[in-house]
Amino acid sequence: MNPNKRQLISRNIKAKTVSQSVADLIIEAITRHHFRLFLLAQVCLALLAAMPTTSNGAQALSDNDAAESDMTFPADERWSSTGNLHTARDIHTATLLPNGLVLVAGGLNTASVESRSAELYDPASGTWTATASLNEGRFYYTATLLNNGNVLVAGGDSISGERASAELYDPATGAWTPTGSLNIARQLHSATLLPDGRVLVAGGYSNGFIIASVELYDPATGTWSLGNNLSIARFTHTATLLPNGKVLVAGGFGGSGTLASSELYDPASGTWAATGNLNTPRVTHAAAILRNGRVLVTGGINSNGISPSAEMYNPNSGTWTTTGSLNTERYAHSATLLRNGMVLVAGGLDSHGTSSSAELFDPVSRNWTVTDNLNTARSQHTATLLPNGAVLVAGGLDSSSIASRSAELFKRR
């Protein structure tokens with residue numbers, strides 16, 4: 001990443017003194033995605049023994065997955081270039097709209113400035129078309145497709161600091177409209193659409209602090225209400241809606257270091273409950289829900305460096321089970337559930353820098369198989385499963401740590 005971008009992304013991390021905390025060092029490293037500094041901070045963490053990594057209390061899980069009848073290895077699927085974005089960007093969002101178009105918005109551009117621009121990808125033509133710009137540029141924010149077809153964008157970071165603002169994109173008009181603001185400005189949080197149509201926002205980073213606060217957005221009123229806090233303050237975690245309607249929050253970074261803890265949100269009671277710990281603490285990892293209702297998490301970084309490990313959460317037992325490891329350790333990558341039930345993991349950062357590698361997870365064998373490399377190495381990109389079964393990857397930082405305009409498709413040739 002270029003120095004200007006590193007400076008921009010870390011501007012909300014306060015100026016450090018000789019007595020700065022190890023936690024601050026790690027937070028700075030994560031937000032900059034600077035692996036060597038992260039390792040240094042974790043070494044300091046271990047030497048000082050001041051902030052031990054969250055303990056691992058996961059139970060071993062022995063069970064059998066039901067084979068999926070249409071599970072086939074897509075040996076003839078490859079990456080092919082498609083139309084370039086109008087605006088180079090990374091740390092943006094991509095949302096599949098009900099009309100089949102993909103909305104890409106915000107992020108950081110090549111000038112290391114948060115972008116207001118938004119554009120639409122048409123799978124039929126393979127081209128991008130500009131649409132109305134965001135009212136406020138932002139990155140490290142969330143975008144959630146609501147039940148009414150609108151897209152809710154909330155929070156994020158900017159030159160002036162974390163944002164509390166939120167806005168709605170209407171695909172019918174192509175316009176953005178401000179909606180109620182968050183009670184607490186935040187970035188690096190999670191947002192999950194609940195079965196009742198509300199949006200759950202949890203955790204994040206705000207004004208120099210890791211936060212545990214939770215808010216709920218009601219599309220009917222356009223307002224946010226505070227909910228019960230997370231049990232553990234965290235950011236850069238994953239949040240996944242389970243088939244039973246609960247939300248699984250896993251990993252991330254907290255006041256005690258890289259987290260192995262997980263917790264469940266119950267929309268019916270509005271409360272959080274602890275569940276099994278990850279076998280491997282991780283931050284900047286990726287999560288994907290499988291057809292059988294289990295949650296697969298992959299990669300990330302922790303005190304041991306970049307992780308190649310992967311594990312699955314079983315909602316029935318509340319436990320995590322390790323699976324076969326990735327062929328390439330990585331973080332800041334994407335993980336996409338394919339129509340055949342496999343999970344495609346692509347790009348990210350590994351020990352050599354920005355990666356172009358991609359691999360497939362088979363939930364029946366629980367093994368990973370290397371597949372065709374991306375045409376462009378990238379991290380902090382987006383990956384979207386299209387209605388035709390192809391996966392659209394767009395933007396991200398390239399091997400020179402510069403925001404990219406390129407986009408490509410993983411599809412059958």
# chains A, B, ... in the order shown; residues from 1 in each chain; ligands from 1
>>> residues_around(residues="stretch 305-322 of chain A", least_positions_apart="6", cutoff="8 Å", atoms="only C-alpha atoms", output="list in words")
Leu39, Ala58, Gln59, Ala60, Leu61, Leu242, Thr275, Gly276, Asn277, Leu278, Asn279, Thr280, Arg282, Gly293, Arg294, Val295, Leu296, Val297, Thr298, Gly299, Thr328, Glu329, Arg330, Tyr331, Asp350 and Ser351 of chain A
>>> residues_around(residues="A:Gly204", least_positions_apart="4", cutoff="9 Å", atoms="only C-alpha atoms", output="NGL selection string")
:A and (186-190 or 209-213 or 233-237)
>>> closest_residue(among="A:Leu182, A:Ile91, A:Leu193, A:Leu290", to="A:Ser225", atoms="only C-alpha atoms")
A:Leu182
>>> closest_residue(among="A:Arg116, A:Val151, A:Gly107, A:Arg78", to="A:Thr382", atoms="only C-alpha atoms")
A:Gly107
>>> closest_residue(among="A:His352, A:Thr142, A:Thr93, A:Phe253", to="A:Ala118", atoms="only C-alpha atoms")
A:Thr93
>>> closest_residue(among="A:Tyr169, A:Phe410, A:Phe139, A:Trp272", to="A:Leu385", atoms="only C-alpha atoms")
A:Phe410
>>> residues_around(residues="A:Ala164", least_positions_apart="5", cutoff="9 Å", atoms="only C-alpha atoms", output="list of chain:residue names")
A:Ala154, A:Gly155, A:Gly156, A:Ser181, A:Leu182, A:Asn183, A:Ile184, A:Ala185, A:Arg186
>>> write_last_selection(atoms="N, CA and C atoms", output="PDB file, in the first residue's frame")
ATOM      1  N   ALA A 154     -24.160   2.342   5.675  1.00  0.00           N
ATOM      2  CA  ALA A 154     -24.085   2.891   7.033  1.00  0.00           C
ATOM      3  C   ALA A 154     -22.646   3.015   7.519  1.00  0.00           C
ATOM      4  N   GLY A 155     -22.352   4.171   8.157  1.00  0.00           N
ATOM      5  CA  GLY A 155     -21.074   4.378   8.822  1.00  0.00           C
ATOM      6  C   GLY A 155     -19.898   4.432   7.862  1.00  0.00           C
ATOM      7  N   GLY A 156     -18.736   3.987   8.353  1.00  0.00           N
ATOM      8  CA  GLY A 156     -17.526   3.992   7.559  1.00  0.00           C
ATOM      9  C   GLY A 156     -16.546   5.060   8.002  1.00  0.00           C
ATOM     10  N   SER A 181     -29.305   8.687  11.030  1.00  0.00           N
ATOM     11  CA  SER A 181     -27.898   8.434  11.326  1.00  0.00           C
ATOM     12  C   SER A 181     -27.747   7.459  12.486  1.00  0.00           C
ATOM     13  N   LEU A 182     -26.652   6.723  12.465  1.00  0.00           N
ATOM     14  CA  LEU A 182     -26.293   5.867  13.586  1.00  0.00           C
ATOM     15  C   LEU A 182     -26.157   6.709  14.855  1.00  0.00           C
ATOM     16  N   ASN A 183     -26.403   6.106  15.999  1.00  0.00           N
ATOM     17  CA  ASN A 183     -26.194   6.796  17.261  1.00  0.00           C
ATOM     18  C   ASN A 183     -24.709   6.970  17.566  1.00  0.00           C
ATOM     19  N   ILE A 184     -23.897   6.028  17.050  1.00  0.00           N
ATOM     20  CA  ILE A 184     -22.454   6.074  17.271  1.00  0.00           C
ATOM     21  C   ILE A 184     -21.749   5.913  15.932  1.00  0.00           C
ATOM     22  N   ALA A 185     -20.908   6.881  15.573  1.00  0.00           N
ATOM     23  CA  ALA A 185     -20.117   6.777  14.352  1.00  0.00           C
ATOM     24  C   ALA A 185     -19.188   5.570  14.475  1.00  0.00           C
ATOM     25  N   ARG A 186     -18.989   4.849  13.364  1.00  0.00           N
ATOM     26  CA  ARG A 186     -18.158   3.644  13.448  1.00  0.00           C
ATOM     27  C   ARG A 186     -17.671   3.214  12.077  1.00  0.00           C
TER      28      ARG A 186
END
>>> decode(residues="stretch 287-311 of chain A", atoms="N, CA and C atoms", output="tab-separated table (two decimals), in the first residue's frame")
chain	number	residue	atom	x	y	z
A	287	ALA	N	-15.98	-15.28	5.95
A	287	ALA	CA	-16.96	-16.28	6.34
A	287	ALA	C	-17.97	-16.50	5.23
A	288	ALA	N	-18.43	-17.75	5.09
A	288	ALA	CA	-19.47	-18.08	4.10
A	288	ALA	C	-20.37	-19.14	4.72
A	289	ILE	N	-21.68	-18.99	4.53
A	289	ILE	CA	-22.61	-20.01	5.05
A	289	ILE	C	-22.81	-21.08	3.99
A	290	LEU	N	-22.75	-22.34	4.41
A	290	LEU	CA	-22.88	-23.47	3.50
A	290	LEU	C	-24.34	-23.88	3.36
A	291	ARG	N	-24.61	-24.73	2.40
A	291	ARG	CA	-25.98	-25.18	2.17
A	291	ARG	C	-26.56	-25.93	3.37
A	292	ASN	N	-25.69	-26.61	4.12
A	292	ASN	CA	-26.17	-27.38	5.26
A	292	ASN	C	-26.36	-26.51	6.50
A	293	GLY	N	-26.21	-25.21	6.36
A	293	GLY	CA	-26.44	-24.29	7.46
A	293	GLY	C	-25.24	-24.02	8.32
A	294	ARG	N	-24.13	-24.68	8.04
A	294	ARG	CA	-22.92	-24.42	8.81
A	294	ARG	C	-22.18	-23.21	8.24
A	295	VAL	N	-21.29	-22.66	9.04
A	295	VAL	CA	-20.55	-21.47	8.65
A	295	VAL	C	-19.07	-21.81	8.51
A	296	LEU	N	-18.52	-21.53	7.34
A	296	LEU	CA	-17.10	-21.76	7.07
A	296	LEU	C	-16.34	-20.44	7.23
A	297	VAL	N	-15.29	-20.44	8.06
A	297	VAL	CA	-14.41	-19.28	8.15
A	297	VAL	C	-13.03	-19.68	7.67
A	298	THR	N	-12.36	-18.74	7.01
A	298	THR	CA	-11.07	-19.04	6.38
A	298	THR	C	-10.05	-17.95	6.63
A	299	GLY	N	-8.79	-18.38	6.80
A	299	GLY	CA	-7.67	-17.45	6.84
A	299	GLY	C	-7.72	-16.44	7.96
A	300	GLY	N	-7.15	-15.27	7.69
A	300	GLY	CA	-7.02	-14.23	8.70
A	300	GLY	C	-5.61	-14.15	9.23
A	301	ILE	N	-5.40	-13.29	10.21
A	301	ILE	CA	-4.09	-13.16	10.84
A	301	ILE	C	-4.26	-13.23	12.35
A	302	ASN	N	-3.20	-13.67	13.04
A	302	ASN	CA	-3.17	-13.73	14.49
A	302	ASN	C	-1.71	-13.67	14.95
A	303	SER	N	-1.46	-14.02	16.20
A	303	SER	CA	-0.11	-13.90	16.75
A	303	SER	C	0.89	-14.81	16.08
A	304	ASN	N	0.41	-15.83	15.37
A	304	ASN	CA	1.32	-16.73	14.65
A	304	ASN	C	1.56	-16.30	13.21
A	305	GLY	N	0.94	-15.21	12.79
A	305	GLY	CA	1.11	-14.72	11.43
A	305	GLY	C	-0.16	-14.91	10.61
A	306	ILE	N	0.02	-15.03	9.29
A	306	ILE	CA	-1.11	-15.24	8.38
A	306	ILE	C	-1.52	-16.71	8.47
A	307	SER	N	-2.82	-16.95	8.62
A	307	SER	CA	-3.28	-18.31	8.86
A	307	SER	C	-3.79	-18.98	7.58
A	308	PRO	N	-3.42	-20.28	7.37
A	308	PRO	CA	-4.00	-21.05	6.28
A	308	PRO	C	-5.19	-21.88	6.76
A	309	SER	N	-5.53	-21.77	8.04
A	309	SER	CA	-6.54	-22.67	8.61
A	309	SER	C	-7.96	-22.29	8.20
A	310	ALA	N	-8.83	-23.28	8.28
A	310	ALA	CA	-10.26	-23.09	8.03
A	310	ALA	C	-11.02	-23.95	9.01
A	311	GLU	N	-12.22	-23.52	9.38
A	311	GLU	CA	-13.04	-24.29	10.30
A	311	GLU	C	-14.51	-24.00	10.07
